[in-house]
$ cat final.csv   # CSV, C-alpha atoms
chain,number,residue,atom,x,y,z
A,1,MET,CA,16.3,-169.3,42.1
A,2,TYR,CA,17.6,-170.3,38.6
A,3,PHE,CA,14.6,-172.4,38.0
A,4,PHE,CA,12.3,-169.4,38.6
A,5,LEU,CA,14.6,-167.2,36.4
A,6,LEU,CA,14.1,-169.7,33.6
A,7,ASN,CA,10.3,-169.4,34.0
A,8,LEU,CA,10.5,-165.6,34.3
A,9,SER,CA,12.5,-165.5,31.0
A,10,LEU,CA,9.8,-167.6,29.3
A,11,THR,CA,7.1,-165.2,30.5
A,12,ASP,CA,9.2,-162.2,29.3
A,13,LEU,CA,9.7,-163.8,25.9
A,14,GLY,CA,6.0,-164.6,25.6
A,15,PHE,CA,5.0,-161.2,27.0
A,16,ILE,CA,6.9,-159.2,24.4
A,17,SER,CA,6.2,-161.6,21.5
A,18,THR,CA,2.4,-161.2,22.1
A,19,THR,CA,2.3,-157.5,21.2
A,20,LEU,CA,5.4,-156.3,19.5
A,21,PRO,CA,5.6,-158.4,16.3
A,22,LYS,CA,2.1,-157.6,15.3
A,23,ALA,CA,2.6,-153.9,16.1
A,24,MET,CA,5.8,-153.8,14.1
A,25,ALA,CA,4.1,-155.6,11.1
A,26,ASN,CA,1.2,-153.1,11.2
A,27,PHE,CA,3.7,-150.2,11.3
A,28,PHE,CA,5.7,-151.3,8.3
A,29,TRP,CA,2.6,-152.2,6.3
A,30,GLY,CA,0.9,-149.0,7.2
A,31,THR,CA,-2.2,-150.6,8.7
A,32,ARG,CA,-3.8,-151.0,12.1
A,33,MET,CA,-5.9,-154.1,11.3
A,34,ILE,CA,-6.2,-157.2,13.4
A,35,SER,CA,-8.7,-160.0,13.1
A,36,TYR,CA,-11.3,-160.7,15.8
A,37,LEU,CA,-9.8,-164.0,16.6
A,38,GLY,CA,-6.3,-162.5,16.5
A,39,CYS,CA,-7.4,-159.8,19.0
A,40,ALA,CA,-8.9,-162.5,21.3
A,41,ALA,CA,-5.7,-164.5,21.1
A,42,GLN,CA,-3.7,-161.5,21.9
A,43,VAL,CA,-5.8,-160.6,25.0
A,44,PHE,CA,-5.6,-164.2,26.2
A,45,LEU,CA,-1.9,-164.6,25.8
A,46,PHE,CA,-1.1,-161.1,27.2
A,47,ALA,CA,-3.3,-161.8,30.3
A,48,THR,CA,-1.6,-165.2,30.8
A,49,PHE,CA,1.9,-163.9,30.7
A,50,ILE,CA,1.3,-160.8,32.7
A,51,VAL,CA,-0.3,-162.7,35.6
A,52,ALA,CA,2.2,-165.6,35.4
A,53,GLU,CA,5.1,-163.0,35.6
A,54,PHE,CA,3.7,-161.2,38.6
A,55,SER,CA,3.0,-164.5,40.3
A,56,LEU,CA,6.6,-165.6,39.6
A,57,LEU,CA,8.0,-162.4,41.0
A,58,THR,CA,6.0,-162.9,44.1
A,59,ILE,CA,7.3,-166.5,44.4
A,60,MET,CA,10.8,-165.3,43.9
A,61,ALA,CA,10.4,-162.8,46.7
A,62,TYR,CA,9.6,-165.7,49.0
A,63,ASP,CA,12.6,-167.6,47.5
A,64,ARG,CA,14.9,-164.8,48.5
A,65,TYR,CA,13.2,-164.5,51.9
A,66,VAL,CA,13.8,-168.2,52.7
A,67,ALA,CA,17.3,-168.2,51.3
A,68,ILE,CA,18.4,-165.2,53.5
A,69,CYS,CA,16.3,-165.4,56.6
A,70,HIS,CA,16.0,-169.2,56.9
A,71,PRO,CA,18.9,-170.7,54.9
A,72,LEU,CA,19.0,-173.9,56.9
A,73,HIS,CA,15.4,-174.7,55.9
A,74,TYR,CA,15.8,-173.7,52.2
A,75,GLY,CA,16.2,-177.3,51.0
A,76,THR,CA,13.1,-178.4,52.9
A,77,LEU,CA,10.8,-175.4,52.0
A,78,LEU,CA,12.0,-175.0,48.4
A,79,GLY,CA,13.0,-178.4,47.2
A,80,SER,CA,12.7,-179.3,43.5
A,81,ARG,CA,9.2,-180.6,43.9
A,82,ALA,CA,8.0,-177.5,45.8
A,83,CYS,CA,9.6,-175.2,43.1
A,84,VAL,CA,7.8,-177.1,40.3
A,85,HIS,CA,4.5,-176.9,42.1
A,86,MET,CA,4.9,-173.2,42.7
A,87,ALA,CA,5.9,-172.5,39.1
A,88,ALA,CA,2.9,-174.6,37.9
A,89,ALA,CA,0.6,-172.6,40.2
A,90,ALA,CA,1.9,-169.4,38.6
A,91,TRP,CA,1.3,-170.6,35.1
A,92,GLY,CA,-2.0,-172.1,36.1
A,93,SER,CA,-3.2,-168.8,37.7
A,94,GLY,CA,-2.3,-167.0,34.5
A,95,PHE,CA,-4.2,-169.4,32.3
A,96,LEU,CA,-7.3,-169.3,34.5
A,97,TYR,CA,-7.2,-165.5,34.7
A,98,ALA,CA,-6.8,-165.2,30.9
A,99,VAL,CA,-9.7,-167.6,30.3
A,100,LEU,CA,-12.0,-165.8,32.6
A,101,HIS,CA,-11.3,-162.3,31.3
A,102,THR,CA,-11.0,-163.2,27.6
A,103,ALA,CA,-14.4,-165.0,27.7
A,104,ASN,CA,-16.0,-162.2,29.6
A,105,THR,CA,-14.6,-159.4,27.5
A,106,PHE,CA,-15.5,-160.9,24.1
A,107,SER,CA,-19.0,-161.8,25.2
A,108,LEU,CA,-19.8,-158.1,25.4
A,109,PRO,CA,-21.6,-156.5,22.4
A,110,LEU,CA,-19.4,-153.8,20.7
A,111,CYS,CA,-21.5,-151.0,19.3
A,112,LYS,CA,-19.0,-148.0,19.3
A,113,GLY,CA,-17.0,-149.1,16.3
A,114,ASN,CA,-14.0,-151.5,16.1
A,115,ALA,CA,-11.0,-149.1,16.3
A,116,LEU,CA,-8.8,-149.2,19.4
A,117,ASP,CA,-6.7,-146.3,20.5
A,118,GLN,CA,-3.8,-148.7,21.2
A,119,PHE,CA,-1.1,-150.7,19.4
A,120,PHE,CA,-2.4,-154.0,20.8
A,121,CYS,CA,-5.7,-155.4,22.0
A,122,GLU,CA,-6.0,-154.2,25.6
A,123,ILE,CA,-9.0,-155.0,27.8
A,124,PRO,CA,-9.7,-151.4,29.0
A,125,GLN,CA,-9.7,-150.2,25.5
A,126,ILE,CA,-12.1,-152.9,24.3
A,127,LEU,CA,-14.5,-152.1,27.2
A,128,LYS,CA,-14.7,-148.5,25.8
A,129,LEU,CA,-16.3,-149.9,22.7
A,130,SER,CA,-19.1,-151.6,24.6
A,131,CYS,CA,-22.4,-150.0,25.1
A,132,SER,CA,-23.9,-152.7,27.3
A,133,ASN,CA,-24.1,-152.5,31.1
A,134,ALA,CA,-22.6,-155.9,31.1
A,135,TYR,CA,-19.1,-154.3,30.8
A,136,LEU,CA,-19.5,-153.5,34.5
A,137,ARG,CA,-19.1,-157.2,35.2
A,138,GLU,CA,-15.7,-157.1,33.5
A,139,ALA,CA,-14.8,-153.9,35.3
A,140,LEU,CA,-15.6,-155.6,38.7
A,141,LEU,CA,-13.4,-158.6,37.7
A,142,LEU,CA,-10.6,-156.2,36.9
A,143,MET,CA,-11.1,-154.5,40.2
A,144,GLY,CA,-11.0,-157.8,42.0
A,145,SER,CA,-7.8,-158.7,40.1
A,146,SER,CA,-6.3,-155.4,41.2
A,147,PHE,CA,-6.9,-156.3,44.9
A,148,LEU,CA,-5.2,-159.7,44.4
A,149,ALA,CA,-2.3,-158.0,42.7
A,150,PHE,CA,-2.1,-155.5,45.6
A,151,GLY,CA,-2.0,-158.4,48.0
A,152,CYS,CA,1.0,-159.9,46.1
A,153,PHE,CA,2.7,-156.5,46.2
A,154,VAL,CA,2.2,-156.3,50.0
A,155,PHE,CA,3.7,-159.8,50.3
A,156,ILE,CA,6.7,-158.7,48.3
A,157,VAL,CA,7.2,-155.6,50.4
A,158,VAL,CA,6.9,-157.5,53.7
A,159,SER,CA,9.3,-160.1,52.5
A,160,TYR,CA,11.9,-157.5,51.6
A,161,VAL,CA,11.5,-155.7,54.9
A,162,GLN,CA,12.3,-159.0,56.6
A,163,ILE,CA,15.2,-159.6,54.2
A,164,PHE,CA,16.8,-156.2,54.8
A,165,ARG,CA,16.5,-156.6,58.5
A,166,ALA,CA,18.3,-159.9,58.3
A,167,VAL,CA,20.9,-158.6,55.9
A,168,LEU,CA,21.7,-155.6,58.2
A,169,ARG,CA,22.4,-158.0,61.0
A,170,ILE,CA,25.1,-159.8,59.0
A,171,PRO,CA,28.4,-158.8,60.7
A,172,SER,CA,30.8,-158.9,57.7
A,173,LYS,CA,30.7,-156.3,54.9
A,174,GLN,CA,31.3,-159.0,52.3
A,175,GLY,CA,28.4,-161.1,53.5
A,176,ARG,CA,26.0,-158.1,53.4
A,177,HIS,CA,27.3,-157.2,49.9
A,178,LYS,CA,26.7,-160.8,48.7
A,179,ALA,CA,23.2,-160.9,50.2
A,180,PHE,CA,22.3,-157.5,48.6
A,181,SER,CA,23.6,-158.6,45.2
A,182,THR,CA,21.2,-161.5,45.1
A,183,CYS,CA,18.2,-159.4,46.0
A,184,LEU,CA,18.7,-156.1,44.2
A,185,PRO,CA,18.1,-157.4,40.6
A,186,HIS,CA,14.8,-159.0,41.7
A,187,LEU,CA,13.8,-155.8,43.5
A,188,ALA,CA,14.7,-153.7,40.5
A,189,VAL,CA,12.6,-156.0,38.2
A,190,VAL,CA,9.6,-155.8,40.6
A,191,SER,CA,9.9,-152.0,40.9
A,192,LEU,CA,10.0,-151.6,37.1
A,193,PHE,CA,7.0,-154.0,36.6
A,194,VAL,CA,4.8,-152.5,39.3
A,195,SER,CA,5.6,-148.8,38.7
A,196,THR,CA,4.9,-149.0,35.0
A,197,GLY,CA,1.7,-151.1,35.5
A,198,MET,CA,0.4,-148.8,38.2
A,199,PHE,CA,1.0,-145.7,36.0
A,200,ALA,CA,-0.7,-147.4,33.1
A,201,TYR,CA,-3.9,-148.3,35.0
A,202,MET,CA,-4.1,-145.6,37.6
A,203,GLN,CA,-3.4,-142.4,35.6
A,204,PRO,CA,-6.1,-139.7,36.1
A,205,PRO,CA,-8.6,-139.6,33.2
A,206,SER,CA,-8.0,-135.8,33.0
A,207,ILE,CA,-4.5,-136.3,31.6
A,208,SER,CA,-5.4,-139.3,29.4
A,209,SER,CA,-4.8,-139.0,25.7
A,210,PRO,CA,-4.0,-141.4,22.8
A,211,ALA,CA,-0.4,-140.4,22.7
A,212,LEU,CA,0.1,-140.7,26.4
A,213,ASN,CA,-1.8,-144.1,26.5
A,214,PHE,CA,0.6,-145.3,23.7
A,215,VAL,CA,3.7,-144.3,25.7
A,216,VAL,CA,2.4,-145.8,28.9
A,217,ALA,CA,1.4,-149.1,27.2
A,218,VAL,CA,5.0,-149.3,25.8
A,219,LEU,CA,6.4,-148.7,29.2
A,220,TYR,CA,4.6,-151.5,30.9
A,221,SER,CA,4.2,-154.0,28.1
A,222,VAL,CA,7.6,-153.7,26.3
A,223,VAL,CA,10.2,-152.1,28.6
A,224,PRO,CA,10.0,-154.5,31.6
A,225,PRO,CA,10.4,-157.8,29.6
A,226,ALA,CA,13.1,-156.1,27.4
A,227,LEU,CA,15.1,-154.9,30.5
A,228,ASN,CA,14.7,-157.9,32.8
A,229,PRO,CA,17.4,-160.0,31.1
A,230,LEU,CA,19.8,-157.1,31.3
A,231,ILE,CA,19.1,-156.4,34.9
A,232,TYR,CA,19.7,-160.0,36.0
A,233,SER,CA,22.8,-160.3,33.7
A,234,MET,CA,24.4,-157.4,35.6
A,235,ARG,CA,25.5,-160.0,38.2
A,236,ASN,CA,27.8,-161.5,35.5
A,237,GLN,CA,31.2,-159.9,35.8
A,238,GLU,CA,32.2,-160.6,32.2
A,239,LEU,CA,29.0,-158.9,30.9
A,240,LYS,CA,29.6,-155.9,33.2
A,241,GLY,CA,33.1,-155.6,31.9
A,242,ALA,CA,32.0,-155.7,28.3
A,243,LEU,CA,29.3,-153.1,28.9
A,244,ARG,CA,31.8,-150.9,30.7
A,245,ASN,CA,34.2,-151.1,27.8
A,246,LEU,CA,31.4,-150.3,25.3
A,247,ILE,CA,30.4,-147.2,27.2
A,248,LEU,CA,34.0,-146.0,27.5
A,249,ALA,CA,34.5,-146.6,23.7
A,250,VAL,CA,31.4,-144.6,22.9
A,251,VAL,CA,32.5,-141.7,25.2
A,252,PHE,CA,36.0,-141.6,23.7
A,253,GLN,CA,34.6,-141.6,20.2
A,254,GLN,CA,32.4,-138.6,20.9
A,255,GLN,CA,35.4,-136.8,22.4

$ encode --input "final.csv" --output "structure tokens"
Amino acid sequence: MYFFLLNLSLTDLGFISTTLPKAMANFFWGTRMISYLGCAAQVFLFATFIVAEFSLLTIMAYDRYVAICHPLHYGTLLGSRACVHMAAAAWGSGFLYAVLHTANTFSLPLCKGNALDQFFCEIPQILKLSCSNAYLREALLLMGSSFLAFGCFVFIVVSYVQIFRAVLRIPSKQGRHKAFSTCLPHLAVVSLFVSTGMFAYMQPPSISSPALNFVVAVLYSVVPPALNPLIYSMRNQELKGALRNLILAVVFQQQ
């Protein structure tokens, strides 16, 4: 589990470092410029990290399933070599996905200007600038990717259904609490990641606007990687105590 958390923290760091520094620099300098190569690099890195993160979250659901439902087989099914292979597969899938979509997106002719209604280079926003029917190819690739992501989501849901069934059969209250405490942070991270991503890409066109698109992009590209470390750190009793003291200090100062 901790090996996968290390990889997840690396994807979160790369995820937020791909978009936020450039957006902050543009904000302070009062510009919205980004070079063509810089935009391509941003699309490539963003796609790599987002796919690697979702793949790791799927693997971590399987990790929790084996740990709780088949604890005696954990060392066999998830030994060090198996963990390395699964993590490598997650990073490899992100790399291949990024290469495919970046090459396909930037092979399209852009004839509707070069201004994006977003604070970073996002594939759907770039496709809006294309006047070629070839953009349908990228749209179909995105649709296929959505089906694969949906398959991963179904796998996570089925895994947690089996986990909760196994946890509820644990006779002791302490055992159930310990099992839930190992699963709830991961479930919270998955819920945050999936809900913000779905809202970003499945919002009705009728309510779409530049301001709303900006808020939604921040929700799925900045909020999850920023909150993930905090969510997983809530298992640390010292951190929970420090956070509790901070909240009480703020409340008492306001009074």

$ atom_distance --input "final.csv" --atom1 "CA of His101 (chain A)" --atom2 "CA of Leu129 (chain A)"
15.9 Å

$ residues_around --input "final.csv" --residues "region 75-91 of chain A" --least-positions-apart "5" --cutoff "10 Å" --atoms "all atoms listed in the file" --output "list in words"
Met1, Phe3, Phe4, Asn7, Leu8, Thr11, Thr48, Phe49, Val51, Ala52, Glu53, Phe54, Ser55, Leu56, Leu57, Thr58, Ile59, Met60, Tyr62, Asp63, Val66, Ala67, His70, Leu96 and Tyr97 of chain A

$ closest_atom_pairs --input "final.csv" --of "region 148-168 of chain A" --to "region 174-196 of chain A" --cutoff "9 Å" --atoms "all atoms listed in the file" --output "Markdown table"
| residue | atom | partner | partner_atom | distance |
| --- | --- | --- | --- | --- |
| A:Phe153 | CA | A:Val194 | CA | 8.2 |
| A:Ile156 | CA | A:Val190 | CA | 8.7 |
| A:Tyr160 | CA | A:Leu187 | CA | 8.5 |
| A:Ile163 | CA | A:Cys183 | CA | 8.7 |
| A:Phe164 | CA | A:Phe180 | CA | 8.4 |
| A:Val167 | CA | A:Arg176 | CA | 5.7 |
| A:Leu168 | CA | A:Arg176 | CA | 6.9 |

$ closest_residue --input "final.csv" --among "A:Ile16, A:Cys121, A:Leu142, A:Val158" --to "Met33 (chain A)" --atoms "all atoms listed in the file"
A:Cys121

$ closest_residue --input "final.csv" --among "A:Ile123, A:Phe15, A:Ala61, A:Leu6" --to "Val157 (chain A)" --atoms "all atoms listed in the file"
A:Ala61

$ residues_around --input "final.csv" --residues "Lys22 (chain A)" --least-positions-apart "4" --cutoff "10 Å" --atoms "only C-alpha atoms" --output "PyMOL selection string"
chain A and resi 17-18+26-27+32-34+38+42+119-120

$ closest_residue --input "final.csv" --among "A:Ile231, A:Gly197, A:Phe155, A:Leu45" --to "Asn213 (chain A)" --atoms "all atoms listed in the file"
A:Gly197

$ atom_distance --input "final.csv" --atom1 "CA of Ala211 (chain A)" --atom2 "CA of Pro124 (chain A)"
15.7 Å

$ atom_distance --input "final.csv" --atom1 "CA of Met198 (chain A)" --atom2 "CA of Leu212 (chain A)"
14.3 Å

$ build_atoms --input "final.csv" --residues "region 43-64 of chain A" --atoms "N, CA, C and O atoms" --output "short mmCIF file (atom, residue, chain, number, x, y, z; two decimals), keeping the file's coordinate frame"
data_model
loop_
_atom_site.label_atom_id
_atom_site.label_comp_id
_atom_site.auth_asym_id
_atom_site.auth_seq_id
_atom_site.Cartn_x
_atom_site.Cartn_y
_atom_site.Cartn_z
N VAL A 43 -5.34 -160.91 23.62
CA VAL A 43 -5.80 -160.60 25.00
C VAL A 43 -5.54 -161.83 25.89
O VAL A 43 -5.05 -161.68 27.02
N PHE A 44 -5.83 -163.03 25.39
CA PHE A 44 -5.60 -164.20 26.20
C PHE A 44 -4.16 -164.43 26.55
O PHE A 44 -3.81 -164.66 27.71
N LEU A 45 -3.27 -164.33 25.56
CA LEU A 45 -1.90 -164.60 25.80
C LEU A 45 -1.25 -163.47 26.68
O LEU A 45 -0.45 -163.74 27.58
N PHE A 46 -1.65 -162.22 26.43
CA PHE A 46 -1.10 -161.10 27.20
C PHE A 46 -1.52 -161.27 28.68
O PHE A 46 -0.70 -161.08 29.59
N ALA A 47 -2.79 -161.62 28.93
CA ALA A 47 -3.30 -161.80 30.30
C ALA A 47 -2.54 -162.99 30.97
O ALA A 47 -2.17 -162.92 32.15
N THR A 48 -2.34 -164.06 30.22
CA THR A 48 -1.60 -165.20 30.80
C THR A 48 -0.24 -164.86 31.22
O THR A 48 0.17 -165.17 32.35
N PHE A 49 0.51 -164.20 30.35
CA PHE A 49 1.90 -163.90 30.70
C PHE A 49 2.06 -162.85 31.74
O PHE A 49 2.96 -162.93 32.57
N ILE A 50 1.18 -161.85 31.75
CA ILE A 50 1.30 -160.80 32.70
C ILE A 50 1.02 -161.31 34.14
O ILE A 50 1.70 -160.97 35.12
N VAL A 51 0.01 -162.17 34.27
CA VAL A 51 -0.30 -162.70 35.60
C VAL A 51 0.73 -163.75 36.01
O VAL A 51 1.13 -163.78 37.18
N ALA A 52 1.17 -164.58 35.07
CA ALA A 52 2.20 -165.60 35.40
C ALA A 52 3.50 -164.85 35.83
O ALA A 52 4.16 -165.29 36.78
N GLU A 53 3.84 -163.74 35.19
CA GLU A 53 5.10 -163.00 35.60
C GLU A 53 4.96 -162.43 36.95
O GLU A 53 5.89 -162.55 37.75
N PHE A 54 3.84 -161.80 37.26
CA PHE A 54 3.70 -161.20 38.60
C PHE A 54 3.66 -162.29 39.66
O PHE A 54 4.19 -162.10 40.76
N SER A 55 3.04 -163.41 39.35
CA SER A 55 3.00 -164.50 40.30
C SER A 55 4.44 -165.06 40.54
O SER A 55 4.82 -165.34 41.67
N LEU A 56 5.22 -165.17 39.47
CA LEU A 56 6.60 -165.60 39.60
C LEU A 56 7.45 -164.65 40.40
O LEU A 56 8.29 -165.05 41.21
N LEU A 57 7.24 -163.36 40.19
CA LEU A 57 8.00 -162.40 41.00
C LEU A 57 7.63 -162.45 42.44
O LEU A 57 8.50 -162.26 43.30
N THR A 58 6.37 -162.75 42.74
CA THR A 58 6.00 -162.90 44.10
C THR A 58 6.63 -164.18 44.73
O THR A 58 7.13 -164.15 45.87
N ILE A 59 6.65 -165.26 43.97
CA ILE A 59 7.30 -166.50 44.40
C ILE A 59 8.80 -166.28 44.63
O ILE A 59 9.39 -166.78 45.60
N MET A 60 9.41 -165.52 43.74
CA MET A 60 10.80 -165.30 43.90
C MET A 60 11.17 -164.41 45.08
O MET A 60 12.26 -164.53 45.66
N ALA A 61 10.25 -163.54 45.49
CA ALA A 61 10.40 -162.80 46.70
C ALA A 61 10.46 -163.76 47.92
O ALA A 61 11.28 -163.63 48.84
N TYR A 62 9.56 -164.73 47.90
CA TYR A 62 9.60 -165.70 49.00
C TYR A 62 10.83 -166.58 48.91
O TYR A 62 11.40 -166.92 49.97
N ASP A 63 11.30 -166.88 47.71
CA ASP A 63 12.60 -167.60 47.50
C ASP A 63 13.72 -166.89 48.19
O ASP A 63 14.52 -167.48 48.91
N ARG A 64 13.81 -165.59 47.94
CA ARG A 64 14.90 -164.80 48.50
C ARG A 64 14.74 -164.69 50.04
O ARG A 64 15.72 -164.69 50.78
#
